[in-house]
>>> print(open('data09.txt').read())   # compact mmCIF, C-alpha atoms
# COMPACT_ATOMS: atom_id res chain seq x y z
CA MET A 1 20.21 -3.32 -20.71
CA ARG A 2 19.18 -0.78 -18.09
CA LYS A 3 19.26 -2.04 -14.51
CA LYS A 4 15.93 -1.60 -12.72
CA SER A 5 16.09 0.68 -9.68
CA ARG A 6 15.74 -0.91 -6.27
CA MET A 7 12.27 -0.32 -4.79
CA LYS A 8 12.21 1.71 -1.56
CA ASN A 9 9.53 1.42 1.11
CA VAL A 10 7.98 4.87 0.75
CA PHE A 11 5.92 4.35 3.92
CA ALA A 12 8.94 3.80 6.19
CA ASP A 13 9.59 6.46 8.84
CA LYS A 14 12.16 8.75 7.18
CA ALA A 15 10.82 8.09 3.69
CA THR A 16 7.47 9.53 4.73
CA LEU A 17 9.14 12.89 5.29
CA ILE A 18 9.18 13.06 1.50
CA VAL A 19 5.65 11.70 1.09
CA ARG A 20 4.26 14.08 3.70
CA LYS A 21 5.93 17.09 2.07
CA ILE A 22 4.54 16.18 -1.33
CA LEU A 23 1.01 15.66 0.02
CA HIS A 24 1.22 18.90 2.01
CA ASN A 25 2.06 20.94 -1.09
CA HIS A 26 0.57 18.76 -3.82
CA SER A 27 0.79 21.30 -6.64
CA LYS A 28 4.51 22.05 -6.20
CA LYS A 29 7.16 21.08 -8.75
CA TRP A 30 9.65 19.13 -6.68
CA VAL A 31 13.40 18.62 -7.09
CA VAL A 32 15.49 16.18 -5.07
CA ARG A 33 17.18 18.85 -2.97
CA ASP A 34 13.80 20.01 -1.64
CA PHE A 35 13.92 16.99 0.67
CA THR A 36 17.49 17.30 1.98
CA GLY A 37 19.10 19.43 4.67
CA PRO A 38 18.16 19.90 8.33
CA GLN A 39 15.24 17.65 9.37
CA GLY A 40 15.29 16.16 5.88
CA VAL A 41 16.80 13.02 4.34
CA SER A 42 19.98 12.24 2.46
CA LEU A 43 20.29 12.96 -1.24
CA GLY A 44 20.48 9.23 -1.96
CA MET A 45 17.32 8.43 0.00
CA ALA A 46 15.41 11.27 -1.68
CA GLN A 47 16.40 9.94 -5.11
CA GLU A 48 15.41 6.35 -4.22
CA VAL A 49 12.05 7.32 -2.73
CA LEU A 50 11.13 9.55 -5.67
CA GLU A 51 12.14 6.86 -8.16
CA THR A 52 9.98 4.31 -6.32
CA MET A 53 7.05 6.74 -6.29
CA VAL A 54 7.45 7.11 -10.05
CA GLN A 55 7.43 3.32 -10.51
CA LEU A 56 4.31 3.00 -8.34
CA GLY A 57 2.52 5.70 -10.29
CA TYR A 58 2.14 8.24 -7.48
CA VAL A 59 4.28 10.93 -9.13
CA GLU A 60 5.56 11.78 -12.58
CA ARG A 61 9.04 12.87 -13.57
CA ILE A 62 9.01 15.78 -16.01
CA LYS A 63 12.32 15.73 -17.88
CA LYS A 64 13.60 19.16 -18.90
CA GLY A 65 17.34 18.73 -18.51
CA PRO A 66 18.63 20.86 -15.61
CA HIS A 67 15.08 22.12 -15.10
CA SER A 68 13.54 18.67 -14.57
CA TYR A 69 11.08 18.22 -11.73
CA THR A 70 8.61 15.78 -10.12
CA ILE A 71 4.89 16.35 -9.62
CA LEU A 72 2.21 14.46 -7.68
CA THR A 73 -0.20 12.75 -10.10
CA ASN A 74 -2.11 10.19 -8.05
CA ARG A 75 -2.82 11.52 -4.58
CA GLU A 76 -5.76 9.20 -3.89
CA SER A 77 -3.82 6.00 -4.64
CA LEU A 78 -0.90 7.19 -2.53
CA ILE A 79 -3.10 7.68 0.53
CA GLU A 80 -5.08 4.47 -0.11
CA ASP A 81 -1.88 2.42 -0.31
CA TRP A 82 -0.53 4.06 2.83
CA LEU A 83 -3.68 3.03 4.69
CA LYS A 84 -3.05 -0.59 3.64
CA GLU A 85 0.52 -0.48 4.95
CA TYR A 86 -0.01 1.35 8.24
CA SER A 87 -1.88 0.65 11.44
CA PHE A 88 -1.93 2.61 14.70
CA ASP A 89 -1.01 -0.68 16.39
CA SER A 90 2.50 -0.23 14.96
CA ASN A 91 3.12 2.26 17.77
CA GLU A 92 4.24 1.39 21.29
CA ILE A 93 1.62 2.42 23.85
CA ASP A 94 1.78 2.84 27.63
CA THR A 95 -1.63 3.07 29.30
CA TYR A 96 -2.43 4.74 32.63
CA TYR A 97 -5.45 5.97 34.55
CA THR A 98 -6.46 9.34 35.94
CA PRO A 99 -9.80 10.55 37.37
CA ASP A 100 -8.77 14.12 36.51
CA LYS A 101 -11.50 15.80 34.44
CA ASP A 102 -9.10 18.57 33.42
CA ILE A 103 -6.35 16.25 32.23
CA LEU A 104 -6.11 17.90 28.78
CA LYS A 105 -5.47 21.31 30.34
CA ASN A 106 -2.98 19.83 32.81
CA ILE A 107 -1.10 18.04 30.04
CA LYS A 108 -0.85 21.35 28.18
CA ALA A 109 0.36 23.12 31.31
CA TYR A 110 3.08 20.56 32.03
CA LEU A 111 4.39 19.57 28.58
CA LYS A 112 5.86 21.89 25.97
CA ALA A 113 3.94 22.12 22.69
CA ASP A 114 6.75 20.56 20.65
CA GLU A 115 7.05 17.55 22.99
CA TYR A 116 3.68 15.94 22.33
CA ALA A 117 0.62 15.90 20.09
CA PHE A 118 -2.88 14.50 20.44
CA THR A 119 -4.19 11.93 17.98
CA LEU A 120 -7.08 9.52 17.27
CA HIS A 121 -10.46 10.62 18.66
CA THR A 122 -8.74 13.02 21.08
CA GLY A 123 -7.21 15.07 18.29
CA ALA A 124 -10.03 14.68 15.78
CA ASN A 125 -12.71 15.66 18.31
CA LEU A 126 -11.08 19.09 18.58
CA VAL A 127 -12.22 19.52 14.97
CA THR A 128 -15.40 17.45 14.85
CA SER A 129 -16.72 16.68 18.40
CA TYR A 130 -17.91 13.49 16.72
CA VAL A 131 -17.09 10.56 19.06
CA LYS A 132 -17.71 10.76 22.78
CA THR A 133 -14.91 9.04 24.67
CA GLU A 134 -12.99 9.33 27.94
CA HIS A 135 -9.82 7.93 26.39
CA ILE A 136 -6.93 10.31 25.70
CA TYR A 137 -4.24 9.48 23.13
CA LEU A 138 -1.08 11.50 22.73
CA TYR A 139 2.22 10.99 20.98
CA LEU A 140 5.26 11.84 23.09
CA ASP A 141 8.55 12.97 21.59
CA LYS A 142 11.14 10.18 21.61
CA GLU A 143 13.60 12.16 23.78
CA LYS A 144 10.95 13.05 26.33
CA TRP A 145 9.89 9.40 26.40
CA ASP A 146 13.40 8.19 27.16
CA LYS A 147 14.22 10.85 29.73
CA GLY A 148 11.00 11.96 31.38
CA ILE A 149 8.16 9.43 31.28
CA LEU A 150 8.38 8.82 35.06
CA LYS A 151 8.25 12.56 35.82
CA ILE A 152 5.27 12.95 33.52
CA ARG A 153 3.42 10.23 35.40
CA GLU A 154 4.27 11.81 38.76
CA ASN A 155 3.35 15.36 37.77
CA LEU A 156 0.09 14.39 36.10
CA GLY A 157 -0.90 11.83 38.73
CA LEU A 158 -1.13 8.94 36.27
CA LYS A 159 -1.64 5.54 37.85
CA GLU A 160 -0.66 2.20 36.34
CA LEU A 161 -3.44 -0.38 36.64
CA VAL A 162 -3.25 -4.13 36.31
CA LYS A 163 -5.54 -3.80 33.31
CA GLY A 164 -7.01 -0.92 31.35
CA GLY A 165 -6.82 2.83 31.76
CA ASN A 166 -7.87 6.03 30.01
CA ILE A 167 -4.59 7.84 29.25
CA HIS A 168 -2.56 6.36 26.41
CA ILE A 169 0.95 7.74 25.91
CA VAL A 170 2.28 6.69 22.53
CA LYS A 171 5.91 6.16 21.52
CA PRO A 172 5.65 6.83 17.78
CA PHE A 173 6.42 4.28 15.11
CA TYR A 174 7.15 7.30 12.90
CA LYS A 175 9.71 8.69 15.33
CA ASN A 176 11.24 11.09 12.76
CA SER A 177 8.13 12.24 10.93
CA ILE A 178 5.20 12.05 13.37
CA PHE A 179 5.30 15.78 14.17
CA PHE A 180 5.47 16.92 10.55
CA ASN A 181 2.91 19.66 9.87
CA LEU A 182 1.89 19.74 13.53
CA GLN A 183 -1.21 21.87 14.03
CA ARG A 184 -2.63 23.76 16.98
CA ILE A 185 -6.37 23.40 17.51
CA LYS A 186 -8.15 25.23 20.33
CA GLY A 187 -4.74 25.76 21.91
CA TYR A 188 -3.71 22.10 21.81
CA PRO A 189 -0.99 20.51 19.64
CA VAL A 190 -2.46 17.91 17.30
CA VAL A 191 -0.81 15.76 14.63
CA SER A 192 -1.48 16.67 11.01
CA SER A 193 -4.90 15.95 9.53
CA LEU A 194 -3.23 13.31 7.36
CA GLN A 195 -1.78 11.55 10.42
CA LEU A 196 -5.14 11.76 12.21
CA TYR A 197 -6.74 10.07 9.21
CA LEU A 198 -4.06 7.36 9.06
CA ASP A 199 -4.32 6.67 12.79
CA LEU A 200 -8.10 6.56 12.86
CA TYR A 201 -8.77 4.58 9.71
CA ASN A 202 -8.07 1.06 11.03
CA PHE A 203 -8.65 1.87 14.70
CA GLN A 204 -11.41 0.39 16.84
CA PRO A 205 -13.86 1.51 18.08
CA ARG A 206 -15.36 3.86 15.44
CA GLY A 207 -12.05 4.86 13.91
CA ARG A 208 -12.98 4.55 10.24
CA ASP A 209 -16.29 6.28 10.81
CA HIS A 210 -14.53 9.20 12.48
CA ALA A 211 -11.80 9.26 9.82
CA GLU A 212 -14.32 9.66 7.02
CA HIS A 213 -16.28 12.26 8.96
CA LEU A 214 -13.08 14.23 9.61
CA LYS A 215 -12.26 14.15 5.90
CA LYS A 216 -15.75 15.40 5.07
CA VAL A 217 -15.57 18.24 7.60
CA LEU A 218 -12.16 19.33 6.28
CA GLU A 219 -13.38 19.30 2.68
CA GLU A 220 -16.42 21.36 3.61
CA LYS A 221 -14.04 23.95 5.07
CA GLY A 222 -11.96 23.92 1.90
CA ASN A 223 -9.12 21.95 3.49
CA SER A 224 -7.63 18.55 2.66
CA LEU A 225 -5.74 15.70 4.25
CA ASP A 226 -2.16 16.96 4.36
>>> encode(input="data09.txt", output="structure tokens")
Amino acid sequence: MRKKSRMKNVFADKATLIVRKILHNHSKKWVVRDFTGPQGVSLGMAQEVLETMVQLGYVERIKKGPHSYTILTNRESLIEDWLKEYSFDSNEIDTYYTPDKDILKNIKAYLKADEYAFTLHTGANLVTSYVKTEHIYLYLDKEKWDKGILKIRENLGLKELVKGGNIHIVKPFYKNSIFFNLQRIKGYPVVSSLQLYLDLYNFQPRGRDHAEHLKKVLEEKGNSLD
């Protein structure tokens, strides 16, 4: 009797490196080694994640001996299930205040493009201009967080209040995969459209509304959530 493969959480941090790659290039014929190497995952993890995705019906394994491959077959269900598993609240957030009206430009001037990325309404508004808000949300690279958060506060003039604030610096739950498919919009680094959608969907206020509007705008431009 064949032993059933152990199910892997495909929405865990490193596992999503595989999911993100597949969604980013959804017509590609994938083999396990496509997900290994620098900034990838181990061969064992790639095999486990792909097998779980087969069992969950997201992908299909096409068996052709040494020329076997895996293809994405249920993109919608994959994203829908991810939305059920993930919430922006999974991240760790430090909140500060600044009266600086040019804070976006000053953040860009101080931080390197590969050290941070805007998300939520901040990132999506660079595409849609849909939700008016004074709140700024940005992911900060894990190394910069550990070594330079105090310097960032000092250089940008961020103040810590007893309660509230308008600058939200986010230590990512997806510490290994959050910057996958990073995009630059109007000169600013922004997380992928997929990550914007994931972050917005269960976020209040007006997150789901903005998420669906973002999806619509991308589709009208011939783009997709990837």
>>> atom_distance(input="data09.txt", atom1="CA of Glu48 (chain A)", atom2="CA of Leu78 (chain A)")
16.4 Å
>>> residues_near_point(input="data09.txt", point="(6.4, 9.5, -2.4)", cutoff="8 Å", atoms="only C-alpha atoms", output="NGL selection string")
:A and (10 or 15-16 or 18-20 or 22 or 49-50 or 52-53 or 58-59 or 78)
>>> residues_near_point(input="data09.txt", point="(10.7, 6.8, 16.7)", cutoff="12 Å", atoms="only C-alpha atoms", output="PyMOL selection string")
chain A and resi 12-14+90-92+139-146+170-179
>>> closest_atom_pairs(input="data09.txt", of="region 29-127 of chain A", to="region 148-156 of chain A", cutoff="8 Å", atoms="only C-alpha atoms", output="JSON lines")
{"residue": "A:Ile103", "atom": "CA", "partner": "A:Leu156", "partner_atom": "CA", "distance": 7.7}
{"residue": "A:Asn106", "atom": "CA", "partner": "A:Leu156", "partner_atom": "CA", "distance": 7.1}
{"residue": "A:Ile107", "atom": "CA", "partner": "A:Leu156", "partner_atom": "CA", "distance": 7.2}
{"residue": "A:Tyr110", "atom": "CA", "partner": "A:Asn155", "partner_atom": "CA", "distance": 7.7}
>>> residues_around(input="data09.txt", residues="region 63-73 of chain A", least_positions_apart="6", cutoff="12 Å", atoms="only C-alpha atoms", output="list in words")
Ile18, Val19, Arg20, Lys21, Ile22, Leu23, His24, Asn25, His26, Ser27, Lys28, Lys29, Trp30, Val31, Val32, Arg33, Asp34, Ala46, Gln47, Val49, Leu50, Glu51, Met53, Val54, Leu56, Gly57 and Ile79 of chain A
>>> write_last_selection(input="data09.txt", atoms="C-alpha atoms", output="PDB file, in the frame of the given file")
ATOM      1  CA  ILE A  18       9.180  13.060   1.500  1.00  0.00           C
ATOM      2  CA  VAL A  19       5.650  11.700   1.090  1.00  0.00           C
ATOM      3  CA  ARG A  20       4.260  14.080   3.700  1.00  0.00           C
ATOM      4  CA  LYS A  21       5.930  17.090   2.070  1.00  0.00           C
ATOM      5  CA  ILE A  22       4.540  16.180  -1.330  1.00  0.00           C
ATOM      6  CA  LEU A  23       1.010  15.660   0.020  1.00  0.00           C
ATOM      7  CA  HIS A  24       1.220  18.900   2.010  1.00  0.00           C
ATOM      8  CA  ASN A  25       2.060  20.940  -1.090  1.00  0.00           C
ATOM      9  CA  HIS A  26       0.570  18.760  -3.820  1.00  0.00           C
ATOM     10  CA  SER A  27       0.790  21.300  -6.640  1.00  0.00           C
ATOM     11  CA  LYS A  28       4.510  22.050  -6.200  1.00  0.00           C
ATOM     12  CA  LYS A  29       7.160  21.080  -8.750  1.00  0.00           C
ATOM     13  CA  TRP A  30       9.650  19.130  -6.680  1.00  0.00           C
ATOM     14  CA  VAL A  31      13.400  18.620  -7.090  1.00  0.00           C
ATOM     15  CA  VAL A  32      15.490  16.180  -5.070  1.00  0.00           C
ATOM     16  CA  ARG A  33      17.180  18.850  -2.970  1.00  0.00           C
ATOM     17  CA  ASP A  34      13.800  20.010  -1.640  1.00  0.00           C
ATOM     18  CA  ALA A  46      15.410  11.270  -1.680  1.00  0.00           C
ATOM     19  CA  GLN A  47      16.400   9.940  -5.110  1.00  0.00           C
ATOM     20  CA  VAL A  49      12.050   7.320  -2.730  1.00  0.00           C
ATOM     21  CA  LEU A  50      11.130   9.550  -5.670  1.00  0.00           C
ATOM     22  CA  GLU A  51      12.140   6.860  -8.160  1.00  0.00           C
ATOM     23  CA  MET A  53       7.050   6.740  -6.290  1.00  0.00           C
ATOM     24  CA  VAL A  54       7.450   7.110 -10.050  1.00  0.00           C
ATOM     25  CA  LEU A  56       4.310   3.000  -8.340  1.00  0.00           C
ATOM     26  CA  GLY A  57       2.520   5.700 -10.290  1.00  0.00           C
ATOM     27  CA  ILE A  79      -3.100   7.680   0.530  1.00  0.00           C
TER      28      ILE A  79
END
>>> closest_residue(input="data09.txt", among="A:Arg61, A:Lys101, A:His121, A:Lys8", to="Phe203 (chain A)", atoms="all atoms listed in the file")
A:His121
>>> residues_around(input="data09.txt", residues="Asn181 (chain A)", least_positions_apart="2", cutoff="8 Å", atoms="all atoms listed in the file", output="number ranges by chain")
A: 179, 183, 191-192, 226
>>> closest_residue(input="data09.txt", among="A:Tyr97, A:Glu80, A:Leu104, A:Ile167", to="Leu194 (chain A)", atoms="all atoms listed in the file")
A:Glu80
>>> atom_distance(input="data09.txt", atom1="CA of Ser87 (chain A)", atom2="CA of Glu115 (chain A)")
22.3 Å
>>> closest_residue(input="data09.txt", among="A:Met7, A:Leu83, A:Val131, A:Ala117", to="Asp209 (chain A)", atoms="only C-alpha atoms")
A:Val131
>>> atom_distance(input="data09.txt", atom1="CA of Ala211 (chain A)", atom2="CA of Asn125 (chain A)")
10.7 Å
>>> closest_residue(input="data09.txt", among="A:Tyr201, A:Tyr130, A:Phe11, A:Phe118", to="Arg184 (chain A)", atoms="all atoms listed in the file")
A:Phe118
>>> residues_around(input="data09.txt", residues="Gly123 (chain A)", least_positions_apart="4", cutoff="8 Å", atoms="all atoms listed in the file", output="ChimeraX atom specification")
/A:118-119,127,137,190-191,196
>>> write_last_selection(input="data09.txt", atoms="C-alpha atoms", output="mmCIF file, keeping the file's coordinate frame")
data_model
loop_
_atom_site.group_PDB
_atom_site.id
_atom_site.type_symbol
_atom_site.label_atom_id
_atom_site.label_comp_id
_atom_site.auth_asym_id
_atom_site.auth_seq_id
_atom_site.Cartn_x
_atom_site.Cartn_y
_atom_site.Cartn_z
ATOM 1 C CA PHE A 118 -2.880 14.500 20.440
ATOM 2 C CA THR A 119 -4.190 11.930 17.980
ATOM 3 C CA VAL A 127 -12.220 19.520 14.970
ATOM 4 C CA TYR A 137 -4.240 9.480 23.130
ATOM 5 C CA VAL A 190 -2.460 17.910 17.300
ATOM 6 C CA VAL A 191 -0.810 15.760 14.630
ATOM 7 C CA LEU A 196 -5.140 11.760 12.210
#
>>> axis_aligned_box(input="data09.txt", around="region 93-105 of chain A", padding_each_side="5 Å", output="lines of an AutoDock Vina configuration file")
center_x = -4.9
center_y = 11.9
center_z = 30.6
size_x = 23.3
size_y = 28.9
size_z = 23.5
>>> closest_residue(input="data09.txt", among="A:Thr133, A:Ile169, A:Gly164, A:Gly157", to="Pro205 (chain A)", atoms="only C-alpha atoms")
A:Thr133
>>> closest_residue(input="data09.txt", among="A:Ala124, A:Lys112, A:Thr36, A:His168", to="Leu218 (chain A)", atoms="all atoms listed in the file")
A:Ala124
